[in-house]
Amino acid sequence: MRYLVRLLVLTIVLLYCSAEVAAQFSISAEIRPRLEYRNGFRVPRLENSEAAFFVSQRTRLNIAFQNDKIKLFMSPQDIRTWGSEKQVGKDPSFGLHEGWVELLLTEKVSLKAGRQEMIYDGHRLLGSLNWVQQARSHDAMLFKYANEKFKTDFAAAFNQSSETLFNTDYRTDNYKVLVMAHMQNQYESIKWNAMFITDAFQKSDTIQDLFWRYTIGGGLGWFNSNFNVDGSIYWQGGKTRTDVDIAAFMFNLKAQYKFEKLTLAGGLDFISGDDSEDSETFGAFNTLYATNHKFYGFMDYYLNIPNDTRGGGLQDYFLSLNYKTGSKTSLMFAYHQFLLANDVFDGSTAVESNMGGEIDLAFAYKIAPYATLNGGISTYFANETTVFIKRTGDHEVGNYWGWLMLTIKPELFNSKTKKK
């Protein structure tokens, strides 16, 4: 309750300020209930498995303020599964997804601090994970420079569990330090980017010592009105949390062609796996803080890489079709063929690399400018390798997932609109 009172007071102050100076203040909301049917989602099901059926919901309030000196943004949210709390209870479920301030130092330079989403290179290594109801955000400082064609960002974060009088002991399952540098430039139809990320994790038996991991790489793309092709490659080094040297890589390539109503895309993703015969080097690439739901199939069999492939890496060959059926509706089809990138052994025998395939079907219907209805069905064709890798399931039965989601995002107040 105290949090809501403070938020209300701040809202009133910002409303007053926006009326007195050349500023813009806006409030919007997001309510997103999603119904899901799960019977083979994330892992293959057993023949006698009972399907899961539930509704989850995200409820957000987005508060934004901007003048010629600063930007402020707050996004408190409530995440729940329908029926997870008593009708009359005291369990708190309110949280803060974003809460940041950005100082506009010059027309090209700004400094942003607070809880914020970090999205780069299409969510490949740093993404918002928006599909998950709580989504992902970071407590960080972000320095930004941008002109008409060139942009560069530099971010730094240092995490602590709470305020302390001595030491910096951090036992939360999260990075303790994150440093990121990103550059991108576009020249006519060619666009390139480069990124460096280092994240550090506290050693289990110490307070000050850290295991540092380094990821560096970039992407290159060619874009015109109809045909796009782009790819990226990243290398990873440093130390694992078990003090083993890392030597891993990933790359991807995608081509896309747009017809009048149909968009056809295809490509591949390759994520290196660990060589079980080399105990001195860990070769499985970690996709860090990406939005993997966007890339490796909607059923999320490979959401957490390398854990979801037992360190065997991943090859994903995909084809997708997106058809705009009308001014408010569209249909999507995607097929993924998954293979291991390195050998994974069952005893002394390497399992087959083919991990099966997945079909995703989805639709989108724009009910109103502020309301969209989405839904879809997916099926995963598991095999013996899938069952071995995921440690559960029956490869002779089907795996299914269905969902229906309503997203309502109305603008509740806008000082600029009101003044007009």
# chains A, B, ... in the order shown; residues from 1 in each chain; ligands from 1
call {"tool": "residues_around", "arguments": {"residues": "A:Ser162", "least_positions_apart": "5", "cutoff": "12 Å", "atoms": "only C-alpha atoms", "output": "list of chain:residue names"}}
result
A:Asn167, A:Thr168, A:Asp169, A:Tyr170, A:Arg171, A:Thr172
call {"tool": "select_by_dssp", "arguments": {"residues": "stretch 161-366 of chain A", "states": "strand (DSSP E or B)", "output": "PyMOL selection string"}}
result
chain A and resi 177-187+190-202+210-223+227-239+245-258+262-271+281-282+289+314-323+329-339+345-346+349-350+354-366
call {"tool": "write_last_selection", "arguments": {"atoms": "C-alpha atoms", "output": "mmCIF file, in the first residue's frame"}}
result
data_model
loop_
_atom_site.group_PDB
_atom_site.id
_atom_site.type_symbol
_atom_site.label_atom_id
_atom_site.label_comp_id
_atom_site.auth_asym_id
_atom_site.auth_seq_id
_atom_site.Cartn_x
_atom_site.Cartn_y
_atom_site.Cartn_z
ATOM 1 C CA VAL A 177 28.840 -7.769 -12.487
ATOM 2 C CA LEU A 178 27.797 -6.991 -16.059
ATOM 3 C CA VAL A 179 29.625 -4.736 -18.515
ATOM 4 C CA MET A 180 28.416 -4.263 -22.097
ATOM 5 C CA ALA A 181 29.562 -2.175 -25.052
ATOM 6 C CA HIS A 182 27.554 -2.035 -28.284
ATOM 7 C CA MET A 183 28.040 -0.168 -31.566
ATOM 8 C CA GLN A 184 25.954 -0.081 -34.702
ATOM 9 C CA ASN A 185 26.086 1.816 -37.972
ATOM 10 C CA GLN A 186 24.039 1.908 -41.137
ATOM 11 C CA TYR A 187 25.252 2.991 -44.569
ATOM 12 C CA ILE A 190 24.053 -2.126 -45.227
ATOM 13 C CA LYS A 191 23.915 -2.303 -41.436
ATOM 14 C CA TRP A 192 26.556 -3.649 -39.051
ATOM 15 C CA ASN A 193 26.891 -3.978 -35.296
ATOM 16 C CA ALA A 194 29.498 -5.111 -32.786
ATOM 17 C CA MET A 195 29.058 -6.046 -29.126
ATOM 18 C CA PHE A 196 31.179 -6.999 -26.155
ATOM 19 C CA ILE A 197 29.670 -8.445 -22.970
ATOM 20 C CA THR A 198 31.410 -9.585 -19.826
ATOM 21 C CA ASP A 199 29.506 -10.982 -16.873
ATOM 22 C CA ALA A 200 30.963 -12.211 -13.588
ATOM 23 C CA PHE A 201 29.687 -14.666 -10.986
ATOM 24 C CA GLN A 202 30.806 -14.978 -7.391
ATOM 25 C CA LEU A 210 34.733 -13.857 -9.339
ATOM 26 C CA PHE A 211 34.521 -16.076 -12.405
ATOM 27 C CA TRP A 212 34.547 -13.811 -15.485
ATOM 28 C CA ARG A 213 32.978 -14.759 -18.817
ATOM 29 C CA TYR A 214 33.581 -12.790 -22.059
ATOM 30 C CA THR A 215 31.423 -12.705 -25.192
ATOM 31 C CA ILE A 216 32.379 -10.722 -28.284
ATOM 32 C CA GLY A 217 31.085 -10.577 -31.839
ATOM 33 C CA GLY A 218 28.735 -8.786 -34.167
ATOM 34 C CA GLY A 219 26.477 -8.910 -37.160
ATOM 35 C CA LEU A 220 26.157 -7.716 -40.733
ATOM 36 C CA GLY A 221 23.026 -7.279 -42.799
ATOM 37 C CA TRP A 222 21.841 -6.101 -46.197
ATOM 38 C CA PHE A 223 18.318 -4.712 -46.404
ATOM 39 C CA PHE A 227 14.852 -8.856 -49.721
ATOM 40 C CA ASN A 228 16.868 -8.935 -46.489
ATOM 41 C CA VAL A 229 19.790 -11.116 -45.482
ATOM 42 C CA ASP A 230 21.678 -10.867 -42.210
ATOM 43 C CA GLY A 231 23.833 -12.908 -39.891
ATOM 44 C CA SER A 232 25.993 -12.693 -36.813
ATOM 45 C CA ILE A 233 28.824 -14.551 -35.113
ATOM 46 C CA TYR A 234 29.966 -14.518 -31.480
ATOM 47 C CA TRP A 235 32.863 -16.018 -29.568
ATOM 48 C CA GLN A 236 32.836 -16.790 -25.834
ATOM 49 C CA GLY A 237 35.752 -17.204 -23.432
ATOM 50 C CA GLY A 238 36.679 -16.781 -19.785
ATOM 51 C CA LYS A 239 35.726 -19.164 -16.986
ATOM 52 C CA ASP A 245 38.198 -22.399 -19.419
ATOM 53 C CA ILE A 246 35.531 -21.512 -21.992
ATOM 54 C CA ALA A 247 36.100 -21.697 -25.753
ATOM 55 C CA ALA A 248 32.718 -21.543 -27.506
ATOM 56 C CA PHE A 249 31.001 -19.839 -30.432
ATOM 57 C CA MET A 250 27.681 -19.337 -32.181
ATOM 58 C CA PHE A 251 26.577 -18.017 -35.559
ATOM 59 C CA ASN A 252 23.332 -17.509 -37.431
ATOM 60 C CA LEU A 253 22.214 -16.679 -40.945
ATOM 61 C CA LYS A 254 18.753 -15.614 -42.106
ATOM 62 C CA ALA A 255 17.273 -14.610 -45.455
ATOM 63 C CA GLN A 256 13.853 -13.040 -45.902
ATOM 64 C CA TYR A 257 11.783 -12.037 -48.935
ATOM 65 C CA LYS A 258 8.609 -9.959 -48.829
ATOM 66 C CA LEU A 262 3.439 -13.014 -47.856
ATOM 67 C CA THR A 263 6.795 -12.931 -46.083
ATOM 68 C CA LEU A 264 9.025 -15.978 -46.541
ATOM 69 C CA ALA A 265 12.088 -16.513 -44.314
ATOM 70 C CA GLY A 266 14.595 -19.268 -43.690
ATOM 71 C CA GLY A 267 17.978 -19.858 -42.185
ATOM 72 C CA LEU A 268 20.007 -21.606 -39.550
ATOM 73 C CA ASP A 269 21.374 -21.095 -36.053
ATOM 74 C CA PHE A 270 24.469 -22.933 -34.848
ATOM 75 C CA ILE A 271 25.418 -22.950 -31.149
ATOM 76 C CA THR A 281 37.951 -26.642 -21.997
ATOM 77 C CA PHE A 282 34.189 -26.032 -21.955
ATOM 78 C CA TYR A 289 20.205 -13.053 -21.503
ATOM 79 C CA LEU A 314 22.209 -26.771 -31.027
ATOM 80 C CA GLN A 315 21.659 -26.667 -34.768
ATOM 81 C CA ASP A 316 18.322 -25.149 -35.787
ATOM 82 C CA TYR A 317 17.278 -25.138 -39.457
ATOM 83 C CA PHE A 318 14.067 -23.166 -39.852
ATOM 84 C CA LEU A 319 11.513 -21.990 -42.385
ATOM 85 C CA SER A 320 8.713 -19.513 -41.692
ATOM 86 C CA LEU A 321 5.765 -18.009 -43.572
ATOM 87 C CA ASN A 322 3.818 -14.951 -42.494
ATOM 88 C CA TYR A 323 0.668 -14.168 -44.475
ATOM 89 C CA THR A 329 -5.340 -10.188 -39.369
ATOM 90 C CA SER A 330 -2.294 -12.328 -40.144
ATOM 91 C CA LEU A 331 -1.257 -15.984 -40.020
ATOM 92 C CA MET A 332 2.157 -17.483 -39.245
ATOM 93 C CA PHE A 333 3.674 -20.907 -39.928
ATOM 94 C CA ALA A 334 7.145 -22.049 -38.842
ATOM 95 C CA TYR A 335 9.035 -25.329 -38.977
ATOM 96 C CA HIS A 336 12.227 -26.069 -37.006
ATOM 97 C CA GLN A 337 14.535 -29.039 -37.418
ATOM 98 C CA PHE A 338 16.784 -29.467 -34.378
ATOM 99 C CA LEU A 339 20.113 -31.284 -34.169
ATOM 100 C CA PHE A 345 27.081 -39.811 -25.002
ATOM 101 C CA ASP A 346 24.792 -42.413 -23.473
ATOM 102 C CA THR A 349 27.896 -44.484 -27.287
ATOM 103 C CA ALA A 350 27.105 -41.144 -28.919
ATOM 104 C CA ASN A 354 18.691 -35.477 -34.713
ATOM 105 C CA MET A 355 16.513 -34.168 -31.867
ATOM 106 C CA GLY A 356 13.260 -33.968 -33.819
ATOM 107 C CA GLY A 357 11.269 -31.079 -35.218
ATOM 108 C CA GLU A 358 8.582 -28.590 -34.332
ATOM 109 C CA ILE A 359 5.677 -26.949 -36.145
ATOM 110 C CA ASP A 360 4.272 -23.625 -34.905
ATOM 111 C CA LEU A 361 1.033 -22.096 -36.152
ATOM 112 C CA ALA A 362 -0.143 -18.697 -34.900
ATOM 113 C CA PHE A 363 -2.560 -15.896 -35.741
ATOM 114 C CA ALA A 364 -2.936 -12.233 -34.839
ATOM 115 C CA TYR A 365 -6.137 -10.170 -34.936
ATOM 116 C CA LYS A 366 -6.083 -6.438 -34.209
#
call {"tool": "residues_around", "arguments": {"residues": "A:Ser128", "least_positions_apart": "3", "cutoff": "6 Å", "atoms": "only C-alpha atoms", "output": "compact mmCIF listing (two decimals) with C-alpha atoms, in the first residue's frame"}}
result
# COMPACT_ATOMS: atom_id res chain seq x y z
CA GLU A 117 15.11 -3.51 -20.36
CA ALA A 135 9.72 -10.34 -18.68
CA ARG A 136 13.37 -9.44 -18.03
call {"tool": "residues_around", "arguments": {"residues": "A:Asp68", "least_positions_apart": "3", "cutoff": "10 Å", "atoms": "only C-alpha atoms", "output": "list in words"}}
result
Val21, Ala22, Ala23, Gln24, Lys71, Leu103, Leu104, Leu105, Thr106 and Glu107 of chain A
call {"tool": "select_by_dssp", "arguments": {"residues": "stretch 260-384 of chain A", "states": "helix (DSSP H, G or I)", "output": "JSON, numbers by chain"}}
result
{"A": [292, 293, 294, 307, 308, 309, 384]}
call {"tool": "write_last_selection", "arguments": {"atoms": "N, CA and C atoms", "output": "PDB file, in the first residue's frame"}}
result
ATOM      1  N   ASN A 292      15.174 -16.438 -26.201  1.00  0.00           N
ATOM      2  CA  ASN A 292      15.272 -17.646 -27.021  1.00  0.00           C
ATOM      3  C   ASN A 292      13.912 -18.141 -27.513  1.00  0.00           C
ATOM      4  N   HIS A 293      12.835 -17.731 -26.867  1.00  0.00           N
ATOM      5  CA  HIS A 293      11.498 -18.090 -27.346  1.00  0.00           C
ATOM      6  C   HIS A 293      11.272 -17.574 -28.766  1.00  0.00           C
ATOM      7  N   LYS A 294      11.924 -16.490 -29.101  1.00  0.00           N
ATOM      8  CA  LYS A 294      11.787 -15.880 -30.426  1.00  0.00           C
ATOM      9  C   LYS A 294      12.481 -16.702 -31.504  1.00  0.00           C
ATOM     10  N   ASN A 307      22.044 -25.806 -20.997  1.00  0.00           N
ATOM     11  CA  ASN A 307      21.467 -26.833 -20.119  1.00  0.00           C
ATOM     12  C   ASN A 307      20.427 -27.700 -20.827  1.00  0.00           C
ATOM     13  N   ASP A 308      19.619 -27.088 -21.711  1.00  0.00           N
ATOM     14  CA  ASP A 308      18.528 -27.834 -22.351  1.00  0.00           C
ATOM     15  C   ASP A 308      19.003 -28.795 -23.434  1.00  0.00           C
ATOM     16  N   THR A 309      20.308 -28.799 -23.738  1.00  0.00           N
ATOM     17  CA  THR A 309      20.837 -29.777 -24.686  1.00  0.00           C
ATOM     18  C   THR A 309      21.957 -30.609 -24.055  1.00  0.00           C
ATOM     19  N   GLU A 384      13.967 -40.604 -29.933  1.00  0.00           N
ATOM     20  CA  GLU A 384      14.711 -41.180 -28.815  1.00  0.00           C
ATOM     21  C   GLU A 384      15.782 -40.216 -28.296  1.00  0.00           C
TER      22      GLU A 384
END
call {"tool": "residues_around", "arguments": {"residues": "A:Leu61", "least_positions_apart": "6", "cutoff": "7 Å", "atoms": "only C-alpha atoms", "output": "ChimeraX atom specification"}}
result
/A:28-30,75-77
call {"tool": "closest_residue", "arguments": {"among": "A:Ile27, A:Leu46, A:Ala290, A:Val244", "to": "A:His123", "atoms": "only C-alpha atoms"}}
result
A:Ala290
call {"tool": "residues_around", "arguments": {"residues": "A:Asn342", "least_positions_apart": "6", "cutoff": "9 Å", "atoms": "only C-alpha atoms", "output": "compact mmCIF listing (two decimals) with N, CA and C atoms, in the first residue's frame"}}
result
# COMPACT_ATOMS: atom_id res chain seq x y z
N SER A 272 27.58 -23.81 -30.52
CA SER A 272 28.56 -24.87 -30.26
C SER A 272 28.26 -25.60 -28.96
N GLY A 273 28.64 -26.88 -28.93
CA GLY A 273 28.49 -27.71 -27.75
C GLY A 273 29.83 -28.09 -27.16
N ASP A 274 29.78 -28.80 -26.06
CA ASP A 274 31.01 -29.17 -25.36
C ASP A 274 31.52 -30.52 -25.87
N ASP A 275 32.82 -30.59 -26.01
CA ASP A 275 33.48 -31.84 -26.39
C ASP A 275 33.76 -32.62 -25.10
N SER A 276 33.03 -33.72 -24.90
CA SER A 276 33.14 -34.46 -23.65
C SER A 276 34.53 -35.07 -23.45
N ALA A 284 30.61 -25.34 -24.78
CA ALA A 284 29.19 -25.07 -25.00
C ALA A 284 28.92 -23.57 -24.84
N GLY A 311 24.60 -29.71 -22.82
CA GLY A 311 25.89 -29.21 -23.26
C GLY A 311 26.26 -29.59 -24.68
N GLY A 312 25.33 -30.18 -25.42
CA GLY A 312 25.62 -30.64 -26.77
C GLY A 312 25.46 -29.59 -27.84
N GLY A 313 25.12 -28.34 -27.45
CA GLY A 313 24.93 -27.31 -28.45
C GLY A 313 23.64 -27.51 -29.22
N LEU A 314 23.46 -26.71 -30.28
CA LEU A 314 22.21 -26.77 -31.03
C LEU A 314 22.42 -26.34 -32.47
N SER A 353 22.29 -37.37 -33.54
CA SER A 353 22.26 -35.91 -33.42
C SER A 353 20.88 -35.31 -33.65
call {"tool": "residues_around", "arguments": {"residues": "A:Thr407", "least_positions_apart": "4", "cutoff": "8 Å", "atoms": "only C-alpha atoms", "output": "short mmCIF file (atom, residue, chain, number, x, y, z; two decimals) with N, CA and C atoms, in the first residue's frame"}}
result
data_model
loop_
_atom_site.label_atom_id
_atom_site.label_comp_id
_atom_site.auth_asym_id
_atom_site.auth_seq_id
_atom_site.Cartn_x
_atom_site.Cartn_y
_atom_site.Cartn_z
N GLU A 30 -1.40 -1.93 -19.44
CA GLU A 30 -1.36 -3.18 -20.20
C GLU A 30 -1.97 -4.28 -19.35
N ILE A 31 -2.97 -4.92 -19.90
CA ILE A 31 -3.57 -6.09 -19.27
C ILE A 31 -3.49 -7.23 -20.28
N ARG A 32 -2.83 -8.33 -19.89
CA ARG A 32 -2.53 -9.40 -20.83
C ARG A 32 -2.83 -10.77 -20.24
N PRO A 33 -4.07 -11.22 -20.26
CA PRO A 33 -4.36 -12.60 -19.85
C PRO A 33 -4.03 -13.58 -20.98
N ALA A 371 -5.94 -2.99 -28.79
CA ALA A 371 -6.29 -4.36 -28.39
C ALA A 371 -5.95 -5.34 -29.50
N THR A 372 -5.27 -6.44 -29.13
CA THR A 372 -4.88 -7.49 -30.08
C THR A 372 -5.18 -8.85 -29.49
N LEU A 373 -5.70 -9.73 -30.31
CA LEU A 373 -5.93 -11.12 -29.92
C LEU A 373 -4.94 -11.99 -30.69
#
call {"tool": "closest_residue", "arguments": {"among": "A:Glu148, A:Glu36, A:Gly326, A:Pro44", "to": "A:Asn383", "atoms": "only C-alpha atoms"}}
result
A:Pro44
call {"tool": "atom_distance", "arguments": {"atom1": "atom CA of A:Gly393", "atom2": "atom CA of A:Asn48"}}
result
10.1 Å
call {"tool": "atom_distance", "arguments": {"atom1": "atom CA of A:His138", "atom2": "atom CA of A:Ser204"}}
result
22.6 Å
call {"tool": "decode", "arguments": {"residues": "stretch 107-121 of chain A", "atoms": "N, CA and C atoms", "output": "PDB file, in the first residue's frame"}}
result
ATOM      1  N   GLU A 107      22.228  16.828 -27.371  1.00  0.00           N
ATOM      2  CA  GLU A 107      21.324  16.246 -28.356  1.00  0.00           C
ATOM      3  C   GLU A 107      21.716  14.821 -28.727  1.00  0.00           C
ATOM      4  N   LYS A 108      22.988  14.458 -28.511  1.00  0.00           N
ATOM      5  CA  LYS A 108      23.471  13.143 -28.930  1.00  0.00           C
ATOM      6  C   LYS A 108      23.866  12.238 -27.773  1.00  0.00           C
ATOM      7  N   VAL A 109      24.010  12.792 -26.582  1.00  0.00           N
ATOM      8  CA  VAL A 109      24.537  12.034 -25.445  1.00  0.00           C
ATOM      9  C   VAL A 109      23.529  12.024 -24.305  1.00  0.00           C
ATOM     10  N   SER A 110      23.350  10.846 -23.694  1.00  0.00           N
ATOM     11  CA  SER A 110      22.460  10.738 -22.536  1.00  0.00           C
ATOM     12  C   SER A 110      22.988   9.676 -21.581  1.00  0.00           C
ATOM     13  N   LEU A 111      22.501   9.736 -20.358  1.00  0.00           N
ATOM     14  CA  LEU A 111      22.889   8.788 -19.315  1.00  0.00           C
ATOM     15  C   LEU A 111      21.623   8.269 -18.655  1.00  0.00           C
ATOM     16  N   LYS A 112      21.458   6.953 -18.678  1.00  0.00           N
ATOM     17  CA  LYS A 112      20.235   6.305 -18.194  1.00  0.00           C
ATOM     18  C   LYS A 112      20.574   5.402 -17.016  1.00  0.00           C
ATOM     19  N   ALA A 113      19.818   5.527 -15.922  1.00  0.00           N
ATOM     20  CA  ALA A 113      20.121   4.746 -14.719  1.00  0.00           C
ATOM     21  C   ALA A 113      18.838   4.205 -14.109  1.00  0.00           C
ATOM     22  N   GLY A 114      18.923   2.950 -13.636  1.00  0.00           N
ATOM     23  CA  GLY A 114      17.785   2.337 -12.967  1.00  0.00           C
ATOM     24  C   GLY A 114      17.447   0.989 -13.555  1.00  0.00           C
ATOM     25  N   ARG A 115      16.288   0.492 -13.191  1.00  0.00           N
ATOM     26  CA  ARG A 115      15.817  -0.814 -13.673  1.00  0.00           C
ATOM     27  C   ARG A 115      15.260  -0.643 -15.078  1.00  0.00           C
ATOM     28  N   GLN A 116      15.824  -1.379 -16.037  1.00  0.00           N
ATOM     29  CA  GLN A 116      15.492  -1.140 -17.440  1.00  0.00           C
ATOM     30  C   GLN A 116      15.653  -2.401 -18.273  1.00  0.00           C
ATOM     31  N   GLU A 117      14.905  -2.456 -19.370  1.00  0.00           N
ATOM     32  CA  GLU A 117      15.111  -3.506 -20.360  1.00  0.00           C
ATOM     33  C   GLU A 117      16.365  -3.191 -21.161  1.00  0.00           C
ATOM     34  N   MET A 118      17.068  -4.229 -21.587  1.00  0.00           N
ATOM     35  CA  MET A 118      18.234  -4.079 -22.454  1.00  0.00           C
ATOM     36  C   MET A 118      18.041  -5.000 -23.649  1.00  0.00           C
ATOM     37  N   ILE A 119      17.829  -4.396 -24.828  1.00  0.00           N
ATOM     38  CA  ILE A 119      17.527  -5.142 -26.051  1.00  0.00           C
ATOM     39  C   ILE A 119      18.526  -4.746 -27.126  1.00  0.00           C
ATOM     40  N   TYR A 120      19.289  -5.725 -27.611  1.00  0.00           N
ATOM     41  CA  TYR A 120      20.290  -5.462 -28.642  1.00  0.00           C
ATOM     42  C   TYR A 120      20.321  -6.604 -29.653  1.00  0.00           C
ATOM     43  N   ASP A 121      20.621  -6.256 -30.885  1.00  0.00           N
ATOM     44  CA  ASP A 121      20.770  -7.246 -31.968  1.00  0.00           C
ATOM     45  C   ASP A 121      19.573  -8.187 -32.052  1.00  0.00           C
TER      46      ASP A 121
END
